[in-house]
Each structure stands twice: as C-alpha cells, then as structure tokens.
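What follows is the content of run_34.tsv, which has TSV, C-alpha atoms:
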```tsv
chain	number	residue	atom	x	y	z
A	12	MET	CA	32.80	-0.61	36.58
A	13	ALA	CA	31.54	-3.07	39.20
A	14	VAL	CA	28.18	-4.68	38.60
A	15	ILE	CA	26.91	-5.72	42.01
A	16	LYS	CA	23.54	-7.23	41.23
A	17	LYS	CA	21.95	-8.80	38.19
A	18	ILE	CA	18.30	-7.83	37.82
A	19	PRO	CA	16.32	-9.09	34.81
A	20	GLN	CA	16.21	-6.21	32.35
A	21	ASP	CA	12.48	-6.27	31.66
A	22	THR	CA	11.70	-6.46	35.39
A	23	LEU	CA	14.06	-3.58	36.12
A	24	LEU	CA	12.73	-1.25	33.43
A	25	MET	CA	9.05	-1.96	33.98
A	26	SER	CA	9.42	-1.46	37.74
A	27	PHE	CA	10.60	2.08	36.91
A	28	GLY	CA	7.49	2.73	34.85
A	29	VAL	CA	8.88	2.04	31.36
A	30	ALA	CA	6.14	0.84	28.98
A	31	GLY	CA	6.30	-2.72	27.72
A	32	ASP	CA	6.78	-1.77	24.07
A	33	ALA	CA	9.71	0.47	24.98
A	34	VAL	CA	11.23	-2.35	27.06
A	35	ALA	CA	10.97	-4.59	24.00
A	36	LYS	CA	12.64	-1.99	21.78
A	37	VAL	CA	15.57	-1.69	24.18
A	38	ALA	CA	16.14	-5.42	23.89
A	39	GLU	CA	15.63	-5.44	20.11
A	40	HIS	CA	18.32	-2.79	19.71
A	41	GLY	CA	20.80	-4.90	21.70
A	42	ILE	CA	20.93	-2.44	24.61
A	43	GLN	CA	21.72	-3.97	28.00
A	44	THR	CA	21.13	-2.59	31.49
A	45	GLN	CA	23.58	-3.05	34.35
A	46	VAL	CA	23.15	-2.10	38.01
A	47	THR	CA	26.32	-0.62	39.53
A	48	PRO	CA	26.89	0.67	43.09
A	49	SER	CA	25.79	4.20	42.20
A	50	LYS	CA	23.75	4.02	39.00
A	51	ILE	CA	21.90	2.01	36.39
A	52	VAL	CA	23.76	2.11	33.09
A	53	PHE	CA	22.64	1.34	29.53
A	54	VAL	CA	25.33	-0.39	27.48
A	55	LEU	CA	25.40	-0.62	23.68
A	56	ASP	CA	28.25	-2.35	21.85
A	57	GLY	CA	30.37	-2.23	25.00
A	58	GLU	CA	29.88	1.51	25.59
A	59	VAL	CA	27.74	3.26	28.20
A	60	VAL	CA	25.21	5.37	26.28
A	61	ALA	CA	22.97	6.48	29.17
A	62	ASN	CA	22.61	6.18	32.92
A	63	VAL	CA	20.23	6.79	35.80
A	64	PRO	CA	21.78	7.97	39.10
A	65	VAL	CA	20.06	5.43	41.36
A	66	ALA	CA	22.01	3.51	44.02
A	67	HIS	CA	22.00	-0.29	43.82
A	68	ASP	CA	20.00	-0.78	47.00
A	69	VAL	CA	17.28	1.59	45.77
A	70	ALA	CA	17.19	-0.09	42.37
A	71	SER	CA	16.89	-3.51	44.02
A	72	LYS	CA	14.02	-2.42	46.27
A	73	ILE	CA	12.14	-0.86	43.36
A	74	ALA	CA	12.66	-3.95	41.23
A	75	ASP	CA	11.36	-6.33	43.90
A	76	GLY	CA	8.41	-4.08	44.69
A	77	THR	CA	9.35	-3.00	48.22
A	78	MET	CA	9.82	0.62	47.15
A	79	VAL	CA	7.82	2.80	44.77
A	80	PRO	CA	9.90	5.01	42.44
A	81	SER	CA	9.25	8.75	42.64
A	82	ASP	CA	8.00	10.69	39.63
A	83	LYS	CA	11.48	12.25	39.36
A	84	ILE	CA	13.17	8.85	39.19
A	85	LYS	CA	10.63	7.67	36.60
A	86	ALA	CA	11.34	10.75	34.51
A	87	LEU	CA	15.09	10.14	34.72
A	88	MET	CA	14.60	6.53	33.64
A	89	ALA	CA	12.35	7.54	30.73
A	90	SER	CA	14.93	10.08	29.61
A	91	ALA	CA	17.73	7.50	29.82
A	92	VAL	CA	15.73	4.96	27.81
A	93	GLY	CA	15.05	7.58	25.14
A	94	LYS	CA	18.71	8.56	25.02
A	95	ALA	CA	19.79	4.93	24.74
A	96	LEU	CA	17.35	4.26	21.88
A	97	ALA	CA	18.45	7.42	20.10
A	98	SER	CA	22.01	6.15	20.23
A	99	ALA	CA	21.05	3.23	18.00
A	100	PRO	CA	18.30	4.46	15.65
A	101	ASP	CA	19.34	2.14	12.84
A	102	LYS	CA	19.65	-1.07	14.85
A	103	ALA	CA	17.53	-4.07	13.98
A	104	GLN	CA	13.82	-3.50	14.25
A	105	PRO	CA	11.25	-6.32	13.90
A	106	VAL	CA	8.95	-4.21	11.74
A	107	SER	CA	10.03	-1.47	9.35
A	108	THR	CA	8.57	2.00	9.63
A	109	LEU	CA	6.84	1.54	6.30
A	110	ASP	CA	5.25	-1.75	7.36
A	111	TYR	CA	4.35	-0.33	10.78
A	112	LEU	CA	2.50	2.65	9.39
A	113	LYS	CA	0.93	0.83	6.46
A	114	ASN	CA	-0.36	-1.90	8.78
A	115	LYS	CA	-1.82	0.80	11.01
A	116	ALA	CA	-3.39	2.33	7.92
A	117	LYS	CA	-5.09	-0.81	6.61
A	118	PRO	CA	-8.89	-0.56	6.46
A	119	VAL	CA	-10.86	-2.62	8.95
A	120	THR	CA	-12.89	-5.27	7.14
A	121	GLN	CA	-16.50	-5.40	8.33
A	122	LYS	CA	-17.43	-9.10	8.22
A	123	THR	CA	-20.87	-8.90	9.80
A	124	VAL	CA	-23.30	-6.15	10.75
A	125	LYS	CA	-22.32	-6.66	14.39
A	126	THR	CA	-18.65	-5.77	13.94
A	127	ALA	CA	-17.26	-2.36	14.86
A	128	PRO	CA	-17.45	0.36	12.19
A	129	VAL	CA	-14.46	0.77	9.90
A	130	VAL	CA	-11.70	3.06	11.06
A	131	GLU	CA	-12.54	5.60	8.38
A	132	GLU	CA	-15.88	6.36	10.05
A	133	ALA	CA	-14.05	7.19	13.28
A	134	THR	CA	-11.43	9.40	11.64
A	135	PRO	CA	-11.55	12.98	12.93
A	136	LYS	CA	-13.27	15.42	10.59
A	137	PRO	CA	-11.10	18.26	9.27
A	138	GLY	CA	-11.71	21.39	11.31
A	139	ILE	CA	-12.38	19.48	14.54
A	140	ALA	CA	-9.76	19.59	17.29
A	141	VAL	CA	-7.53	16.49	17.28
A	142	ASN	CA	-7.76	16.37	21.06
A	143	SER	CA	-8.70	18.67	23.91
A	144	THR	CA	-6.60	21.73	24.55
A	145	ASP	CA	-6.47	24.23	27.39
A	146	GLY	CA	-4.74	26.90	25.34
A	147	PRO	CA	-5.66	29.02	22.32
A	148	VAL	CA	-6.05	27.32	18.95
A	149	TRP	CA	-3.44	28.31	16.36
A	150	PRO	CA	-4.61	30.30	13.34
A	151	MET	CA	-5.19	28.43	10.08
A	152	LEU	CA	-3.79	29.69	6.78
A	153	LEU	CA	-6.01	30.00	3.72
A	154	SER	CA	-5.12	28.13	0.53
A	155	HIS	CA	-3.60	31.15	-1.22
A	156	GLU	CA	-1.51	31.94	1.87
A	157	MET	CA	-0.06	28.43	1.85
A	158	VAL	CA	1.33	29.11	-1.62
A	159	SER	CA	2.40	32.74	-1.19
A	160	MET	CA	3.95	32.69	2.29
A	161	ALA	CA	7.71	32.11	2.54
A	162	PRO	CA	8.63	28.86	4.36
A	163	VAL	CA	10.14	29.04	7.86
A	164	LYS	CA	11.86	26.41	9.98
A	165	LEU	CA	9.30	23.98	11.37
A	166	ARG	CA	10.30	24.67	14.97
A	167	ASP	CA	9.38	28.35	14.44
A	168	ALA	CA	5.96	27.75	12.86
A	169	THR	CA	2.85	29.15	14.55
A	170	SER	CA	-0.03	28.37	12.15
A	171	LEU	CA	-1.80	25.33	10.76
A	172	TYR	CA	-0.83	24.71	7.09
A	173	GLN	CA	2.11	27.12	7.37
A	174	PRO	CA	4.81	26.25	4.80
A	175	VAL	CA	8.08	25.09	6.40
A	176	THR	CA	11.44	23.84	5.18
A	177	GLY	CA	12.73	20.30	5.52
A	178	THR	CA	16.32	19.12	5.81
A	179	SER	CA	17.07	21.13	2.68
A	180	ASP	CA	15.93	24.72	2.26
A	181	HIS	CA	14.58	23.64	-1.13
A	182	SER	CA	12.15	21.12	0.37
A	183	LYS	CA	8.75	22.28	1.57
A	184	TYR	CA	6.30	20.78	4.04
A	185	PHE	CA	3.14	22.15	5.68
A	186	VAL	CA	2.26	22.23	9.37
A	187	VAL	CA	-0.39	19.66	10.31
A	188	ALA	CA	-0.15	19.75	14.13
A	189	GLY	CA	1.61	21.83	16.76
A	190	ASN	CA	1.91	23.02	20.33
A	191	GLU	CA	4.58	24.72	22.45
A	192	GLN	CA	6.72	21.57	22.67
A	193	VAL	CA	6.60	20.05	19.19
A	194	ARG	CA	5.52	20.77	15.62
A	195	VAL	CA	4.52	18.23	12.96
A	196	ALA	CA	4.60	18.89	9.21
A	197	ALA	CA	3.72	16.75	6.20
A	198	ARG	CA	4.35	16.62	2.46
A	199	TYR	CA	1.91	14.59	0.40
A	200	LYS	CA	2.29	13.61	-3.22
A	201	ILE	CA	0.54	10.82	-5.10
A	202	GLY	CA	1.84	7.59	-3.59
A	203	SER	CA	4.12	9.22	-1.02
A	204	LEU	CA	3.65	10.79	2.43
A	205	SER	CA	6.54	12.40	4.32
A	206	ILE	CA	6.18	13.51	7.95
A	207	ARG	CA	8.65	15.66	9.88
A	208	VAL	CA	8.75	16.59	13.58
A	209	GLU	CA	10.73	19.35	15.30
A	210	GLY	CA	10.55	21.13	18.63
A	211	PRO	CA	12.37	22.02	21.86
A	212	ASP	CA	11.05	18.92	23.69
A	213	LEU	CA	11.87	16.46	20.92
A	214	GLN	CA	14.56	14.64	22.90
A	215	GLN	CA	12.06	13.87	25.67
A	216	MET	CA	9.78	12.25	23.07
A	217	THR	CA	12.22	9.68	21.65
A	218	ILE	CA	10.17	6.70	22.85
A	219	ASP	CA	6.94	8.27	21.58
A	220	LEU	CA	8.58	8.86	18.19
A	221	TYR	CA	9.76	5.27	17.89
A	222	ASN	CA	6.31	4.05	18.91
A	223	ALA	CA	4.78	6.35	16.27
A	224	GLY	CA	6.86	4.59	13.61
A	225	PHE	CA	9.81	6.96	13.14
A	226	ASP	CA	13.10	5.26	12.31
A	227	SER	CA	15.05	8.48	11.77
A	228	VAL	CA	15.44	10.43	15.00
A	229	LYS	CA	18.34	12.88	14.74
A	230	LYS	CA	19.18	13.66	18.35
A	231	ASP	CA	21.99	16.01	17.33
A	232	LYS	CA	19.80	17.98	14.91
A	233	ASP	CA	16.51	18.06	16.84
A	234	TYR	CA	14.29	16.54	14.20
A	235	ALA	CA	12.69	13.26	13.26
A	236	SER	CA	11.27	12.17	9.92
A	237	VAL	CA	9.55	9.27	8.23
A	238	HIS	CA	8.62	8.60	4.59
A	239	VAL	CA	5.77	6.25	3.72
A	240	GLN	CA	4.57	4.86	0.40
A	241	VAL	CA	0.76	4.94	0.34
A	242	ASP	CA	-1.75	3.61	-2.18
A	243	SER	CA	-4.64	6.00	-1.57
A	244	ASP	CA	-5.78	9.18	0.16
A	245	ILE	CA	-7.46	7.06	2.84
A	246	GLU	CA	-4.21	5.23	3.59
A	247	ALA	CA	-2.33	8.54	3.74
A	248	ARG	CA	-4.85	10.05	6.16
A	249	ARG	CA	-4.73	7.03	8.44
A	250	ALA	CA	-0.92	7.08	8.49
A	251	LEU	CA	-0.87	10.81	9.31
A	252	TYR	CA	-3.47	10.54	12.07
A	253	THR	CA	-1.63	7.54	13.52
A	254	VAL	CA	1.51	9.63	13.94
A	255	ILE	CA	-0.30	12.67	15.34
A	256	GLY	CA	-2.27	10.51	17.75
A	257	ALA	CA	0.86	8.73	19.01
A	258	LEU	CA	2.63	11.96	20.00
A	259	PRO	CA	1.83	13.69	23.29
A	260	GLY	CA	-0.65	16.59	23.20
A	261	PRO	CA	-2.61	18.61	23.81
A	262	TRP	CA	-2.41	20.13	20.31
A	263	ARG	CA	-3.08	23.79	19.59
A	264	THR	CA	-4.20	23.00	16.05
A	265	LEU	CA	-7.39	21.71	14.47
A	266	CYS	CA	-7.49	18.35	12.71
A	267	PRO	CA	-5.71	18.85	9.35
A	268	ASP	CA	-7.29	18.24	5.97
A	269	LEU	CA	-4.65	16.29	4.03
A	270	ALA	CA	-6.32	17.19	0.71
A	271	ARG	CA	-5.11	20.77	1.15
A	272	LEU	CA	-1.49	19.57	1.11
A	273	LYS	CA	-1.69	17.18	-1.81
A	274	GLY	CA	0.75	18.08	-4.57
A	275	LYS	CA	1.88	21.34	-2.94
A	276	GLY	CA	5.06	20.16	-1.20
A	277	LEU	CA	8.55	20.03	-2.66
```
Please go through the file and, once you have read it, give me the structure as structure tokens.
Amino acid sequence: MAVIKKIPQDTLLMSFGVAGDAVAKVAEHGIQTQVTPSKIVFVLDGEVVANVPVAHDVASKIADGTMVPSDKIKALMASAVGKALASAPDKAQPVSTLDYLKNKAKPVTQKTVKTAPVVEEATPKPGIAVNSTDGPVWPMLLSHEMVSMAPVKLRDATSLYQPVTGTSDHSKYFVVAGNEQVRVAARYKIGSLSIRVEGPDLQQMTIDLYNAGFDSVKKDKDYASVHVQVDSDIEARRALYTVIGALPGPWRTLCPDLARLKGKGL
C-alpha cells in the first residue's frame, strides 16, 4: 500500500468536518490515518480498520483548503471514523466512563448571587419534551403497566417506560427516550444507574456514543451500554440527561421521570 503524501492527522480529519473531540479520540486510541493514491485509510495495530474512497489529490486539496468537501464525503468520513473507533472500544481513554459521567453530574456551586443558577434548576421537568419533535409523541405507560407488561427487545419498544430486556433475558430496563433511529433504556437502583442504547442507526452514532460517555459499543450486536455508580437521585438524573442530550434527536418521547424506574429494574 503506497502512501503518497503525509498530511497531519488532525488537519486531515478536521478539514473533512470531523469534530475536534472525535479527532482527539482517534489519536488517543492509537489510530493512524494514511493517504494512499485512491483512499484515506485508518490503521490500528498495523491493520486497516476503515477507509474513505477519496483520491490523494482530492484529499490534499481539501486538507489545504482549496476544495470544500461535499456532504457525501463528510458523511463517508464520519462513518469511517466511527467504524475505526468501534474497532478499538477498549483502548486507552484519558477519562473513564464513570469519571466522565460523574463529572458531568456534579452540582454547580453558586459562589455569589451573580453566578449562573445550578444545573438542577435547568433540568427538564418530567412530562416536558426533551427537545422539539416534528413527529407524534410516543405513548407513556402507567405505573401498573410497567410492572405487568412483558419485556420486549429495546429496539422493538414503542412506548415511554416500556419494560425491555438487556443483554440477558433476565435483566430488565425501562425506555427513557426513543425515536425511529435509536432507543434508550435505563435501570436505576440505589447507588447504580445502567443505560442501554439500541436501534437500526446505532452504527452511525458511534462518535456520539463515545462522546456521551459509553465505553462499551458492540458493533457486532447493535447495542451500547454504560454503568455508573451514583451517590444520589440528583446525580443519577444528571447522568441520564447528559446521555440523552448527547445523542441525536429529535426524540418522540417526553422527558422521563427517573423516580418511576427506581428499584423496578432487574
């Protein structure tokens, strides 16, 4: 495989529209980019794990700013970056998922009356849409239905608070967010919050999932999960809303009330 031009990796990726945090994660995972005569390849431990079919002259012009990449090329690059990261989900990360989410969940200390209000005051109220949506809002199960309804696979869920299975059929989560592309479910016990994501577009969301704090993205099984130790209901809510807010919407579900899940999962 002939490499005909060396372009700084961060310059190359960012010129194709890759976000700075994703560029950093590629480097942190030890993934290298190489420009060949017919494509840009991503190399991990000496093996090509992803590629973008862009000729070297096009790549060079985009990198030096004399050509603007098309939306199609940007999409191909984003997909390749996601595939490359998914090939090394357990490589070194500067911050663990637990630390990432717990740091996001820390209360904001109000030092003076002029400082911004604490995060808790800005947290969405249960029953209010998480973000705008152009489609119909999913139905919401009542408390007794959450207990009596048989769990389904998360990817098949269609209602807020619907019970769903985890990796094992014996585990049980509840839907906290969903749309046509992805579903999110959570299990909350005292001191522990588990979040699971499934859906047909999961592989296109690899970067979003890593940015949301997931360190377990199973590209061959179409799910991602994260488990967080939390010290309070407030910390659990902030961790959950951080994940939901980091994933692409619009959601078809209302903002979940985590209290309805507490102690019900398996």
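Distance-wise, atom CA of Thr176 of chain A and atom CA of Val92 of chain A end up 29.8 Å apart.
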May I have the residues within 10 Å of Ser26 of chain A as a PyMOL selection string, using only C-alpha atoms and disregarding those fewer than 6 positions away in the same chain? chain A and resi 20+70-76+78-80+85
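Residue neighbourhood of Ile206 of chain A, excluding near-sequence residues (fewer than 3 positions): Ala196, Ala197, Ser236 and Val237 of chain A, at 6 Å, using only C-alpha atoms.
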What does the file look like for those residues with C-alpha atoms, as an mmCIF file, in the frame of the given file?
```
data_model
loop_
_atom_site.group_PDB
_atom_site.id
_atom_site.type_symbol
_atom_site.label_atom_id
_atom_site.label_comp_id
_atom_site.auth_asym_id
_atom_site.auth_seq_id
_atom_site.Cartn_x
_atom_site.Cartn_y
_atom_site.Cartn_z
ATOM 1 C CA ALA A 196 4.600 18.890 9.210
ATOM 2 C CA ALA A 197 3.720 16.750 6.200
ATOM 3 C CA SER A 236 11.270 12.170 9.920
ATOM 4 C CA VAL A 237 9.550 9.270 8.230
#
```
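With atom CA of Ser159 of chain A on one side and atom CA of Val186 of chain A on the other, the separation reads 14.9 Å.
The spacing separating atom CA of Ile201 of chain A from atom CA of Val163 of chain A amounts to 24.3 Å.
Checking A:Leu153, A:Val60, A:Asp219, A:Gly202 one by one against Ala30 of chain A, counting all atoms listed in the file, you find the shortest gap at A:Asp219.
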Which polymer residues have any atom within 8 Å of an atom of segment 211-213 of chain A, counting only C-alpha atoms, with same-chain residues fewer than 4 positions away left out, as a PyMOL selection string? chain A and resi 166+192-193+217+233-234
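Checking A:Val187, A:Met160, A:Val208, A:Leu220 one by one against Arg263 of chain A, counting all atoms listed in the file, you find the shortest gap at A:Val187.
Distance annotation: of A:Ala35, A:Ala168, A:Val46, A:Val239, the residue with the minimal separation from Leu23 of chain A is A:Val46; atom set is all atoms listed in the file.
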Have a look at A:Lys183, A:His155, A:Lys94, A:His238 and name the one nearest to Val37 of chain A; count all atoms listed in the file. A:Lys94
Judged by all atoms listed in the file, the minimum distance to Arg194 of chain A among A:Met157, A:Ser182, A:Ile218, A:Leu258 is found for A:Leu258
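In this comparison, which uses only C-alpha atoms, the residue of A:Gly41, A:Gly31, A:Gly57, A:Gly274 approaching Lys200 of chain A most closely is A:Gly274.
Near (27.1, -0.4, 30.6), the residues that fall inside 8 Å on the basis of all atoms listed in the file are Gln43, Thr44, Gln45, Val52, Phe53, Val54, Leu55, Gly57, Glu58, Val59 and Val60 of chain A.
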